[in-house]
Structure formats: structure tokens, C-alpha cells
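coords-v8.txt (compact mmCIF, C-alpha atoms and all ligand atoms)
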# COMPACT_ATOMS: atom_id res chain seq x y z
CA MET A 1 16.88 -11.45 1.84
CA PHE A 2 18.30 -8.42 3.53
CA VAL A 3 21.82 -8.32 4.76
CA LEU A 4 24.10 -5.59 5.89
CA ARG A 5 26.01 -4.55 2.82
CA GLN A 6 29.75 -4.62 3.17
CA CYS A 7 30.53 -1.85 0.77
CA LEU A 8 28.06 0.65 2.15
CA THR A 9 29.19 3.08 4.82
CA LEU A 10 29.14 2.69 5.93
CA GLY A 11 32.47 0.85 4.73
CA THR A 12 33.11 -2.69 5.80
CA LYS A 13 30.76 -5.17 7.35
CA SER A 14 32.12 -4.46 10.83
CA SER A 15 31.81 -0.69 10.34
CA VAL A 16 28.14 -1.20 9.46
CA ARG A 17 27.69 -3.03 12.71
CA ASN A 18 29.56 -0.33 14.61
CA PHE A 19 27.47 2.33 12.99
CA ALA A 20 24.28 0.63 14.07
CA ALA A 21 25.59 -0.12 17.54
CA ALA A 22 26.90 3.40 18.06
CA THR A 23 23.43 4.88 17.84
CA ASN A 24 21.01 1.96 17.96
CA LEU A 25 18.37 4.55 17.13
CA VAL A 26 18.07 3.66 13.47
CA ASN A 27 18.46 0.21 11.99
CA VAL A 28 19.85 0.28 8.48
CA LYS A 29 19.54 -2.79 6.26
CA ILE A 30 20.47 -2.95 2.64
CA ASN A 31 19.60 -5.38 -0.10
CA GLU A 32 22.90 -6.25 -1.70
CA ASP A 33 21.30 -7.00 -5.05
CA THR A 34 19.30 -3.81 -5.48
CA GLY A 35 21.07 -1.33 -3.17
CA VAL A 36 17.70 -0.47 -1.60
CA VAL A 37 17.95 0.49 2.05
CA ILE A 38 15.39 0.04 4.78
CA MET A 39 15.82 2.69 7.44
CA GLU A 40 13.91 1.68 10.55
CA LEU A 41 13.41 4.22 13.32
CA ASN A 42 14.17 2.46 16.57
CA LYS A 43 13.55 4.70 19.56
CA PRO A 44 10.93 2.96 21.69
CA PRO A 45 8.21 3.41 22.58
CA VAL A 46 7.02 5.89 19.93
CA ASN A 47 10.04 7.21 17.98
CA SER A 48 9.68 10.73 19.32
CA LEU A 49 12.17 12.84 17.39
CA ASN A 50 14.74 14.10 19.85
CA TYR A 51 18.16 15.52 18.91
CA GLU A 52 19.86 12.11 19.07
CA LEU A 53 17.36 10.36 16.82
CA LEU A 54 17.43 13.22 14.31
CA GLU A 55 21.22 13.23 14.36
CA ALA A 56 21.29 9.47 13.73
CA MET A 57 18.87 9.89 10.84
CA HIS A 58 20.84 12.78 9.41
CA ARG A 59 24.12 10.89 9.63
CA THR A 60 22.50 7.92 7.87
CA LEU A 61 21.00 10.08 5.12
CA VAL A 62 24.37 11.73 4.44
CA LYS A 63 26.00 8.34 4.15
CA LEU A 64 23.28 6.93 1.93
CA GLU A 65 23.68 9.86 -0.43
CA ASN A 66 27.49 9.65 -0.46
CA GLU A 67 27.37 5.92 -1.08
CA ARG A 68 24.81 6.37 -3.86
CA CYS A 69 22.16 4.16 -2.37
CA SER A 70 19.54 3.30 -4.98
CA GLY A 71 16.43 3.85 -2.84
CA MET A 72 15.25 4.10 0.75
CA ILE A 73 12.19 2.78 2.59
CA LEU A 74 11.54 4.61 5.84
CA THR A 75 9.66 2.71 8.53
CA SER A 76 9.77 2.06 12.25
CA SER A 77 10.35 -0.83 14.63
CA SER A 78 7.46 0.20 16.87
CA PRO A 79 4.34 -2.01 16.61
CA ASN A 80 1.90 0.89 16.86
CA THR A 81 3.62 4.11 15.85
CA PHE A 82 5.64 5.30 12.88
CA SER A 83 6.74 8.41 14.78
CA ALA A 84 5.05 10.48 17.51
CA GLY A 85 6.61 13.61 16.01
CA LEU A 86 8.99 15.95 17.72
CA ASP A 87 9.99 14.96 21.20
CA LEU A 88 7.95 17.30 23.35
CA LEU A 89 10.66 17.23 26.00
CA GLU A 90 12.99 19.02 23.55
CA MET A 91 10.55 21.95 23.57
CA TYR A 92 9.53 21.90 27.21
CA LYS A 93 11.75 24.18 29.31
CA PRO A 94 14.94 23.75 27.25
CA THR A 95 17.87 26.15 27.33
CA VAL A 96 18.10 28.44 24.32
CA ASP A 97 21.27 26.64 23.16
CA LYS A 98 19.64 23.23 23.38
CA ALA A 99 16.53 24.41 21.52
CA ARG A 100 18.67 26.00 18.81
CA LYS A 101 20.76 22.85 18.36
CA PHE A 102 17.67 20.68 18.24
CA TRP A 103 15.92 22.84 15.65
CA GLY A 104 19.06 23.04 13.51
CA MET A 105 19.26 19.24 13.42
CA LEU A 106 15.57 18.97 12.49
CA GLN A 107 16.18 21.38 9.61
CA ASN A 108 19.30 19.44 8.50
CA THR A 109 17.46 16.14 8.56
CA TRP A 110 14.46 17.42 6.67
CA ILE A 111 16.59 19.09 3.99
CA LYS A 112 18.53 15.83 3.41
CA LEU A 113 15.39 13.69 3.32
CA TYR A 114 13.32 16.04 1.17
CA SER A 115 16.12 16.51 -1.35
CA ALA A 116 17.33 12.88 -1.45
CA PRO A 117 18.15 12.11 -5.10
CA TYR A 118 17.17 8.45 -4.74
CA PRO A 119 13.53 7.29 -4.46
CA THR A 120 12.08 7.40 -0.95
CA VAL A 121 8.99 5.62 0.38
CA ALA A 122 7.40 5.96 3.80
CA ALA A 123 6.09 2.60 4.97
CA ILE A 124 3.87 4.03 7.69
CA ASN A 125 3.36 1.18 10.11
CA GLY A 126 1.49 3.15 12.77
CA HIS A 127 0.42 6.56 14.04
CA SER A 128 2.17 9.47 12.43
CA PRO A 129 1.22 12.79 14.01
CA ALA A 130 2.94 16.16 13.52
CA GLY A 131 6.69 15.70 12.93
CA GLY A 132 5.96 12.03 12.13
CA CYS A 133 3.66 13.20 9.37
CA LEU A 134 6.41 15.58 8.19
CA LEU A 135 8.82 12.65 7.80
CA ALA A 136 6.23 10.68 5.83
CA MET A 137 5.35 13.69 3.66
CA SER A 138 9.03 14.24 2.90
CA CYS A 139 9.25 10.86 1.18
CA GLU A 140 8.03 10.55 -2.40
CA TYR A 141 5.40 7.93 -1.74
CA ARG A 142 3.38 6.94 1.31
CA ILE A 143 1.80 3.61 2.16
CA MET A 144 0.04 3.11 5.48
CA VAL A 145 -1.47 0.33 7.55
CA PRO A 146 -5.20 0.67 8.39
CA LYS A 147 -6.83 2.31 11.39
CA LYS A 148 -4.00 4.60 12.46
CA LYS A 149 -3.77 8.39 12.56
CA ILE A 150 -1.75 10.83 10.50
CA GLY A 151 -1.73 14.62 10.17
CA LEU A 152 -0.30 17.92 11.33
CA ASN A 153 -2.13 18.28 14.65
CA GLU A 154 0.02 21.10 16.05
CA THR A 155 -2.87 23.57 16.40
CA GLN A 156 -4.59 21.16 18.78
CA LEU A 157 -1.54 21.41 21.04
CA GLY A 158 -1.52 25.21 20.99
CA ILE A 159 1.55 25.30 18.75
CA VAL A 160 1.90 26.10 15.05
CA ALA A 161 3.26 23.86 12.32
CA PRO A 162 6.21 25.73 10.78
CA GLN A 163 5.86 27.06 7.24
CA TRP A 164 7.90 24.24 5.72
CA PHE A 165 5.72 21.59 7.39
CA GLN A 166 2.71 23.41 5.94
CA ASP A 167 4.33 23.65 2.50
CA CYS A 168 4.92 19.90 2.43
CA MET A 169 1.26 19.25 3.14
CA LYS A 170 0.10 21.82 0.59
CA ASN A 171 2.31 20.19 -2.05
CA ILE A 172 0.60 16.86 -1.45
CA ILE A 173 -3.08 17.58 -0.81
CA GLY A 174 -3.43 21.08 -2.25
CA SER A 175 -3.88 24.46 -0.67
CA ARG A 176 -7.57 24.30 0.29
CA GLN A 177 -7.47 20.87 1.96
CA ALA A 178 -4.19 21.78 3.68
CA GLU A 179 -5.58 25.06 5.02
CA LYS A 180 -8.58 23.29 6.54
CA ALA A 181 -6.46 20.47 7.98
CA LEU A 182 -3.82 22.83 9.42
CA ILE A 183 -6.26 25.25 11.02
CA ALA A 184 -8.13 22.40 12.68
CA GLY A 185 -5.00 20.35 13.43
CA THR A 186 -6.77 17.35 11.90
CA LEU A 187 -5.50 13.86 12.51
CA PHE A 188 -6.86 11.75 9.66
CA SER A 189 -7.49 8.04 9.89
CA SER A 190 -5.44 6.02 7.40
CA GLU A 191 -8.62 5.55 5.35
CA GLU A 192 -9.41 9.31 5.29
CA ALA A 193 -5.79 10.10 4.46
CA ALA A 194 -5.99 7.76 1.46
CA LYS A 195 -9.17 9.52 0.27
CA ILE A 196 -7.59 12.99 0.27
CA GLY A 197 -4.25 11.78 -1.14
CA LEU A 198 -2.22 12.40 2.00
CA ILE A 199 -1.17 8.79 1.63
CA ASP A 200 -0.91 7.05 -1.73
CA GLU A 201 -1.90 3.51 -0.79
CA LEU A 202 -3.44 1.57 2.07
CA ALA A 203 -1.86 -1.72 3.07
CA THR A 204 -3.71 -4.51 4.82
CA ASP A 205 -0.96 -5.17 7.37
CA LYS A 206 2.77 -4.72 7.96
CA GLU A 207 3.72 -7.51 5.56
CA ASP A 208 1.58 -6.04 2.79
CA LEU A 209 3.02 -2.60 3.65
CA MET A 210 6.59 -3.73 2.99
CA LYS A 211 5.58 -5.63 -0.15
CA LYS A 212 3.90 -2.53 -1.55
CA ALA A 213 6.91 -0.40 -0.61
CA HIS A 214 9.19 -2.77 -2.52
CA ASP A 215 6.81 -2.81 -5.50
CA PHE A 216 6.97 1.00 -5.68
CA MET A 217 10.73 0.89 -5.34
CA ASP A 218 11.05 -1.68 -8.14
CA GLU A 219 9.07 0.62 -10.47
CA GLN A 220 11.33 3.55 -9.61
CA LEU A 221 14.51 1.54 -10.11
CA GLY A 222 13.37 0.92 -13.68
CA LEU A 223 13.58 4.65 -14.46
CA PRO A 224 16.71 6.51 -15.58
CA PRO A 225 18.03 7.80 -12.20
CA LEU A 226 19.34 11.19 -13.33
CA ALA A 227 16.15 12.14 -15.16
CA ARG A 228 14.10 10.89 -12.22
CA SER A 229 16.00 12.84 -9.58
CA THR A 230 16.16 16.00 -11.73
CA VAL A 231 12.36 16.06 -12.03
CA LYS A 232 11.99 15.37 -8.30
CA ILE A 233 14.31 18.20 -7.28
CA GLY A 234 12.65 20.51 -9.80
CA PHE A 235 9.33 19.96 -8.03
CA ARG A 236 10.81 20.35 -4.56
CA LYS A 237 13.32 23.18 -4.98
CA ASP A 238 10.99 26.09 -4.13
CA THR A 239 9.91 24.44 -0.90
CA LEU A 240 13.50 23.55 -0.05
CA ASN A 241 14.88 26.98 -0.87
CA ARG A 242 12.20 28.67 1.18
CA LEU A 243 13.69 27.06 4.28
CA ILE A 244 17.34 27.02 3.17
CA ASN A 245 17.22 30.79 2.59
CA SER A 246 15.60 31.52 5.92
CA ARG A 247 17.02 28.99 8.35
CA GLU A 248 18.06 31.57 10.91
CA VAL A 249 14.70 33.35 10.80
CA ASP A 250 12.92 30.01 11.10
CA THR A 251 15.06 29.08 14.13
CA LYS A 252 14.44 32.44 15.78
CA TYR A 253 10.70 32.04 15.20
CA PHE A 254 10.80 28.57 16.80
CA ILE A 255 12.73 29.79 19.83
CA ASP A 256 10.63 32.92 20.35
CA PHE A 257 7.49 30.84 19.99
CA ILE A 258 8.28 28.00 22.37
CA PHE A 259 9.64 30.29 25.09
CA GLN A 260 6.29 32.06 25.43
CA PRO A 261 4.79 31.20 28.85
CA LYS A 262 1.44 30.25 27.26
CA VAL A 263 3.14 27.79 24.93
CA GLN A 264 5.11 26.27 27.79
CA GLU A 265 1.82 25.90 29.70
CA SER A 266 0.19 24.11 26.76
CA LEU A 267 3.16 21.78 26.42
CA GLU A 268 3.10 21.01 30.13
CA MET A 269 -0.61 20.20 30.05
CA TYR A 270 -0.21 18.06 26.95
CA LEU A 271 2.70 16.13 28.43
CA GLN A 272 0.70 15.51 31.60
CA ALA A 273 -2.29 14.33 29.59
CA LEU A 274 -0.09 11.90 27.66
CA LYS A 275 1.36 10.51 30.88
CA LYS A 276 -2.10 10.07 32.44
CA LYS A 277 -3.47 8.11 29.46
C1 LIG B 301 6.92 26.70 16.31
C2 LIG B 301 6.74 25.41 17.05
C3 LIG B 301 6.74 24.23 16.12
C4 LIG B 301 6.69 22.96 16.85
C5 LIG B 301 6.39 21.80 15.97
C6 LIG B 301 6.05 20.63 16.50
C7 LIG B 301 5.77 19.43 15.73
C8 LIG B 301 5.59 18.18 16.58
O1 LIG B 301 5.92 17.13 16.11
S1 LIG B 301 4.97 18.34 18.16
C9 LIG B 301 4.71 16.66 18.72
C10 LIG B 301 3.31 16.28 18.46
N1 LIG B 301 3.09 14.88 18.77
C11 LIG B 301 1.93 14.44 19.19
O2 LIG B 301 0.98 15.14 19.36
C12 LIG B 301 1.85 12.96 19.47
C13 LIG B 301 1.74 12.66 20.94
N2 LIG B 301 1.68 11.23 21.16
C14 LIG B 301 0.58 10.49 20.93
O3 LIG B 301 -0.45 10.95 20.48
C15 LIG B 301 0.68 9.03 21.25
O4 LIG B 301 1.80 8.84 22.07
C16 LIG B 301 0.77 8.12 20.02
C17 LIG B 301 -0.58 8.08 19.29
C18 LIG B 301 1.87 8.55 19.06
C19 LIG B 301 1.08 6.66 20.49
O5 LIG B 301 0.14 6.27 21.44
P1 LIG B 301 0.44 5.05 22.43
O6 LIG B 301 -0.80 4.83 23.22
O7 LIG B 301 1.02 3.91 21.70
O8 LIG B 301 1.64 5.58 23.37
P2 LIG B 301 1.53 6.58 24.61
O9 LIG B 301 1.20 5.79 25.82
O10 LIG B 301 0.70 7.74 24.30
O11 LIG B 301 3.05 7.10 24.71
C20 LIG B 301 4.09 6.28 25.20
C21 LIG B 301 5.10 7.18 25.91
O12 LIG B 301 5.65 8.07 24.98
C22 LIG B 301 5.47 9.44 25.42
N3 LIG B 301 5.28 10.28 24.25
C23 LIG B 301 4.36 10.15 23.29
N4 LIG B 301 4.52 11.08 22.34
C24 LIG B 301 5.56 11.82 22.71
C25 LIG B 301 6.22 12.94 22.14
N5 LIG B 301 5.85 13.48 20.97
N6 LIG B 301 7.28 13.46 22.79
C26 LIG B 301 7.70 12.95 23.96
N7 LIG B 301 7.11 11.88 24.56
C27 LIG B 301 6.06 11.32 23.93
C28 LIG B 301 4.22 9.36 26.30
O13 LIG B 301 4.19 10.45 27.19
C29 LIG B 301 4.44 8.04 27.01
O14 LIG B 301 5.41 8.26 28.01
P3 LIG B 301 5.39 7.39 29.37
O15 LIG B 301 5.57 5.97 28.94
O16 LIG B 301 6.53 7.94 30.16
O17 LIG B 301 4.06 7.64 30.02
Can you dump the structure from the file as C-alpha cells?
Amino acid sequence: MFVLRQCLTLGTKSSVRNFAAATNLVNVKINEDTGVVIMELNKPPVNSLNYELLEAMHRTLVKLENERCSGMILTSSSPNTFSAGLDLLEMYKPTVDKARKFWGMLQNTWIKLYSAPYPTVAAINGHSPAGGCLLAMSCEYRIMVPKKKIGLNETQLGIVAPQWFQDCMKNIIGSRQAEKALIAGTLFSSEEAAKIGLIDELATDKEDLMKKAHDFMDEQLGLPPLARSTVKIGFRKDTLNRLINSREVDTKYFIDFIFQPKVQESLEMYLQALKKK
């Protein structure tokens, strides 16, 4: 039974409620017995990652780390989509300041999630393209419901997945598979993703998804936490440091890239196509 934990925060029971109400963009529930948190993205209809959602996630991740949460399951409240990736409206005709702020918050959120010392599982309850796939890949373990799509499809939109997105994929499915998938901008079905190891397990439905996520978490909680997190960070540090040491360059690349007229045209066409669906 999940309840809001009084000692997290997250602070007292009422401050947990305030925290949730202040943003409403992520629901945070904690199991008082195990300290495992379920973080549910809650920005209907498709959890597109705008500045506000990223900021809410980042704030939550900082608190979870400070309060020594024992594990985190990342999922979404949407019936069909885990996350539609970056909010295209953040990249379409922004001001430079807005684009810079947005990208900085994406970097912050990814760094916190990728380096979380506690075990992390993505319970992928729906489609997970582009930035949605990045979130899933940043967790340690991925379980997905059937017949949905996941992948880094940026190329198909006329944009390029940043190096750190690419690194995450390479770390999971290997260089050759990642190169092919990234060049083509492949969106894999859940079943294909399981075959190539982009996801670790297929679930039959949402209930089975959460059961499997808890099973993985239970296994992890049986391991000595310091040894566990030291090995995790050892594996991830090169990928993390590559971004941490070049954040400004990465931001400049993003801004220079999206302000190109051709890129703005592609984004406009893509947004129109999504609206016409
Ligand atoms: C150097 C540059 C690096 C840039 C890196 C970028 C990484 C990214 O993450 S780019 C974003 C890529 N995302 C996508 O390609 C996904 C686009 N969305 C979809 O394919 C579908 O929406 C879906 C499969 C996720 C869900 O399909 P469903 O049929 O359930 O919903 P829709 O009717 O398509 O959408 C509902 C609603 O939401 C709007 N929307 C969808 N995705 C986005 C998005 N990423 N950003 C902003 N808005 C989005 C869509 O237009 C609909 O809006 P309306 O209800 O107003 O029509």
C-alpha cells in the first residue's frame, strides 16, 4: 500500500501534499516500509518535457537523493504514452534566453537521474520517443508494456540527438546497433526493443509492469547499497563527465542548431503534422 511518507521531503505529510500541489506535474508516492518511490509524470496528454516538467522532476530528484530514498520507479499517468520527449514548443521559435534555460534544466535533470545512487527502474507504460527514450535509458532497468514505440527518432524530425543521448543508447545496445538506430531515427516496437536489449523485460499490461518493477527493486534492495552505487557510478562516470565537462559547448550547439531556419521549418512541419493527426 502506497502512502505519502511523512518524513520524506519532502518533510511533513502536509509539505508532501504542498509539494505535489505546487507543481502537479509529477506525482510522488513512497512506500513507507521500503522507502521506494514511484515518480509518475503527470503532464497530460503526452508528458512532453517542457521547462516546468523538467524542473519539477529535477526538484524531486534532488529531494529524493537528499532524503536517501532507497529506490525509484519512473512511470507516467498517461494511458498511452510514457513521455513524448522534449516539448517541441520549447524549440520552436523560442528566445535565446528561454532556449538556454530550457536546455540547462534538461541537462540538470539528466545528470541527477543518470547519476542517482539509488536503483532506478523505468516502468514504460506507453510510447517513449526521443527525450522519452532518454529518460527510460537513464534508469538502470527498463520494463515496457507491449505494442508501443521507443527509440531516438530525432533524425526523422530533421534534428540530431545530442551526443549524451547517443552515448546512453550506445551504453545499452552497443555501438553498431546504436549507430544504425540513430542514423535511421528508428522507433522500435516494444517487442523489437526487447530483442535488441533496449528494454530489459516486456510486461503484459500496466499491472504486470508495476509488479515487475517492484520485483526488480526488491532484488536491488537486497544488495549492499554502497557497493551497488559505486559500481553503477563507475560504469556511468565517463558518459556523465563527457556532458558535465562540456555543458556550455553542448548548450551552444543546441542553440545554434535549433535557430537554423531549416530546423525551424522542420519543427513547424512536424508540429503541424502532429496537430492534423
Ligand atoms: C540539437 C537538437 C536536439 C533536440 C533533441 C530533441 C529530442 C526530442 O525529444 S524531440 C521530440 C520528439 N518527440 C516526438 O517525435 C514525439 C511526437 N509525438 C508523438 O509521436 C505522439 O504524440 C505520441 C506517439 C507520443 C502520442 O500519440 P497520441 O496519438 O497519443 O497523441 P497525439 O494526438 O499525437 O498528441 C496529443 C497532443 O500532444 C501534442 N504533442 C505530442 N508530442 C509532442 C511534443 N513532443 N511536444 C509538444 N507537443 C506534443 C500533439 O501535437 C497533440 O496536441 P493537440 O492536442 O493540441 O493536437
*asked:* Show me which residues are within 7 Å of ligand LIG 301 (chain B) counting only C-alpha atoms and all ligand atoms, and format the list as a ChimeraX atom specification.
replied: /A:45-46,48,80-81,83-89,127-132,153-154,157,159-162,253-254,257-258,271,274-275,277
Hey, can I get the axis-aligned box for range 104-123 of chain A? All listed atoms, 6 Å padding on each side, centre and edge lengths in Å to one decimal, as JSON.
{"center_x": 12.7, "center_y": 12.8, "center_z": 4.2, "size_x": 25.2, "size_y": 32.4, "size_z": 30.6}
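When all atoms listed in the file are used to measure the gap to Glu207 in chain A, the shortest distance among A:Ile124, A:Leu187, A:Ala178, A:Cys69 belongs to A:Ile124.
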Gln107 in chain A proximity check over A:Leu182, A:Leu74, A:His58, A:Phe82, using only C-alpha atoms: winner is A:His58
Non-local contacts of Val28 in chain A (7 Å; only C-alpha atoms; under 6 positions in same chain excluded) as an NGL selection string = :A and (37-40)
So that I can check the surroundings of Met57 in chain A, please list as an MDAnalysis selection string every protein, DNA and RNA residue that reaches within 8 Å of it, counting all atoms listed in the file and ignoring chain neighbours fewer than 4 positions away.
chainID A and resid 26 53 61 109
